[in-house]
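Colleague: The structure follows.
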Amino acid sequence: MRPRVILFDLDETLHDRRASVEAFIPTLYGFLEPWLSHVSLEDFRATLHRVDYGGYVPREVFMQRLLEAFDARNFDAVALAKFWRSEFAKFAQPMAGAYELLEFLKSKGIQTGIVSNGTVQLQQAKIDALGLQVDVVVISEAVGVKKPAAKPFLEALRLLEVQPSETWFVGDHPVNDIQGAVAIGIKAFWLERETAWSGNAPHVRLERLLDLQKFL
Ligand SMILES: [Mg+2]
C-alpha cells in the first residue's frame with residue numbers, strides 16, 4: 001500500500017554528511033592552525049575521520065579527542081565546538097538523489113518529513129543550507145529525547161495527522177532509525193551507508209536513496 005507520508009533521517013540519508021565533512025576539512029584545519037601547525041592536512045583528515053564517529057559524539061568530545069590526538073595544548077573544546085556548529089552547515093552536501101526523490105514524492109501527493117537526532121541550531125542550519133523542501137521537521141533536542149525513542153517519530157505523525165500504518169521511514173542507522181520506526185509500526189527502509197547492519201528489525205535495504213521509487 002502506498003504511504004501517505006514518508007519520513008527521513010537527515011545525516012547520511014538526505015544529507016551526505018561524509019561529503020560535507022570532507023568539504024569542511026580545509027576550513028577546519030585552517031581554523032585549528034594555531035594548535036596544529038605541526039600536523040599535515042592528510043594526518044589531520046585521517047585522524048578527524050577516526051575520532052568523528054560519524055557525528056554520533058557531541059562536538060565538544062570530538063574536538064577534545066581531535067586535538068588531544070595531536071598532543072595540542074591550551075585549547076578550549078567548547079569554543080572550538082561552537083565553530084563547528086556555526087560553520088559546518090555552510091559546507092552541507094546533499095545525498096545523491098535527495099532532491100529528485102523529494103520532488104518525485106511531491107508529484108505523487110506523498111507528504112514528507114525529517115526526523116533527526118541533534119541540536120536544533122545545527123540540524124536546521126543544514127536543512128536550510130541544503131534547501132530541503134519537506135512538510136515537517138522534528139529535531140530531537142526540541143522534543144527532549146532522541147531516536148530510537150518513539151517520541152520524535154510520533155511528533156512527526158501528530159503534526160502530519162497520520163497513523164504509523166500510513167507512514168514509511170528511511171534512515172541509515174539500524175537502531176536509531178530502523179528499530180525505532182519499526183517499534184511503533186512504521187515500515188522501514190535502511191539506506192546502507194557507513195554504519196553496518198546491527199539490528200533485528202524487519203526492513204527493506206536500499207543501496208541508493210532513489211531506489212525507494214521502485215516501491216511506490
Ligand atoms: Mg543518519
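Identifiers for the C-alpha cells are assigned positionally: chains receive A, B, ... in sequence, residues are indexed from 1 per chain, and ligands are indexed from 1 in the order shown.
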Could I get the residue neighbourhood of ligand 1 at 12 Å, counting only C-alpha atoms and all ligand atoms, as a PyMOL selection string?
Modeller: chain A and resi 8-18+53-56+95+114-118+123+147-148+169-178+190-196
Colleague: Step one, run DSSP on the backbone; step two, keep only residues of chain A assigned to alpha helix (DSSP H); then write them as an MDAnalysis selection string.
Modeller: chainID A and resid 17:31 33:36 41:52 59:69 77:87 98:107 120:130 140:143 150:160 180:183
Colleague: For a quick check of understanding, using only C-alpha atoms, which of A:Glu87, A:Asp43, A:Asp135, A:Asp128 has the smallest distance to Ile6 (chain A)?
Modeller: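 Closest candidate: A:Asp135.
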Colleague: Would you pick out the contacts of Phe24 (chain A) at 8 Å or less, using only C-alpha atoms, so that residues sharing its chain but fewer than 4 positions from it are not included, and give the list as a PDB file with N, CA and C atoms, in the first residue's frame?
Modeller:
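The file below, selection-v3.pdb, is the result:
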ATOM      1  N   SER A  20      30.156  16.289   3.268  1.00  0.00           N
ATOM      2  CA  SER A  20      30.189  17.615   3.887  1.00  0.00           C
ATOM      3  C   SER A  20      31.416  17.770   4.775  1.00  0.00           C
ATOM      4  N   LEU A  28      38.310  23.851   8.556  1.00  0.00           N
ATOM      5  CA  LEU A  28      38.509  23.490   9.963  1.00  0.00           C
ATOM      6  C   LEU A  28      40.004  23.409  10.290  1.00  0.00           C
ATOM      7  N   PHE A  88      29.800  24.452   9.982  1.00  0.00           N
ATOM      8  CA  PHE A  88      29.718  23.190   9.228  1.00  0.00           C
ATOM      9  C   PHE A  88      28.613  23.203   8.173  1.00  0.00           C
ATOM     10  N   PHE A  91      28.914  23.971   4.444  1.00  0.00           N
ATOM     11  CA  PHE A  91      29.557  23.012   3.540  1.00  0.00           C
ATOM     12  C   PHE A  91      28.658  21.808   3.239  1.00  0.00           C
TER      13      PHE A  91
END
Colleague: Write out as a list in words which residues come within 12 Å of Glu161 (chain A) when counting only C-alpha atoms, dropping same-chain ones fewer than 6 positions away.
Modeller: Arg4, Val5, Gln111, Asp135, Val136, Leu154, Glu155 and Thr167 of chain A
Colleague: Tell me which protein, DNA and RNA residues are within 12 Å of Leu122 (chain A), counting only C-alpha atoms, leaving out same-chain ones fewer than 2 positions away, and put them as a ChimeraX atom specification.
Modeller: /A:10-11,55,58-59,81-90,92,116-120,124-129,139-141
Colleague: Mind writing the picked residues with C-alpha atoms as an mmCIF file, in the first residue's frame?
Modeller:
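Output contents, as saved in out38.cif:
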data_model
loop_
_atom_site.group_PDB
_atom_site.id
_atom_site.type_symbol
_atom_site.label_atom_id
_atom_site.label_comp_id
_atom_site.auth_asym_id
_atom_site.auth_seq_id
_atom_site.Cartn_x
_atom_site.Cartn_y
_atom_site.Cartn_z
ATOM 1 C CA LEU A 10 18.900 13.696 7.948
ATOM 2 C CA ASP A 11 22.598 12.811 8.339
ATOM 3 C CA GLY A 55 28.948 12.595 14.272
ATOM 4 C CA PRO A 58 28.993 15.612 20.978
ATOM 5 C CA ARG A 59 31.186 18.110 19.152
ATOM 6 C CA ALA A 81 32.781 23.001 19.060
ATOM 7 C CA LYS A 82 30.948 26.296 18.662
ATOM 8 C CA PHE A 83 32.945 26.936 15.486
ATOM 9 C CA TRP A 84 31.875 23.562 14.091
ATOM 10 C CA ARG A 85 28.217 24.308 14.884
ATOM 11 C CA SER A 86 28.314 27.749 13.297
ATOM 12 C CA GLU A 87 30.304 26.834 10.170
ATOM 13 C CA PHE A 88 29.718 23.190 9.228
ATOM 14 C CA ALA A 89 26.316 23.738 7.605
ATOM 15 C CA LYS A 90 27.874 26.082 5.036
ATOM 16 C CA ALA A 92 26.499 20.772 3.543
ATOM 17 C CA SER A 116 16.701 13.874 13.117
ATOM 18 C CA ASN A 117 18.793 13.496 16.253
ATOM 19 C CA GLY A 118 20.854 16.539 17.198
ATOM 20 C CA THR A 119 20.648 20.193 18.093
ATOM 21 C CA VAL A 120 18.029 22.410 16.506
ATOM 22 C CA GLN A 124 18.066 23.191 10.970
ATOM 23 C CA ALA A 125 21.054 25.075 9.535
ATOM 24 C CA LYS A 126 21.927 22.021 7.424
ATOM 25 C CA ILE A 127 18.324 21.623 6.231
ATOM 26 C CA ASP A 128 18.216 25.316 5.293
ATOM 27 C CA ALA A 129 21.622 25.255 3.592
ATOM 28 C CA ILE A 139 14.704 17.506 15.805
ATOM 29 C CA SER A 140 15.385 15.523 18.954
ATOM 30 C CA GLU A 141 16.573 18.484 21.016
#
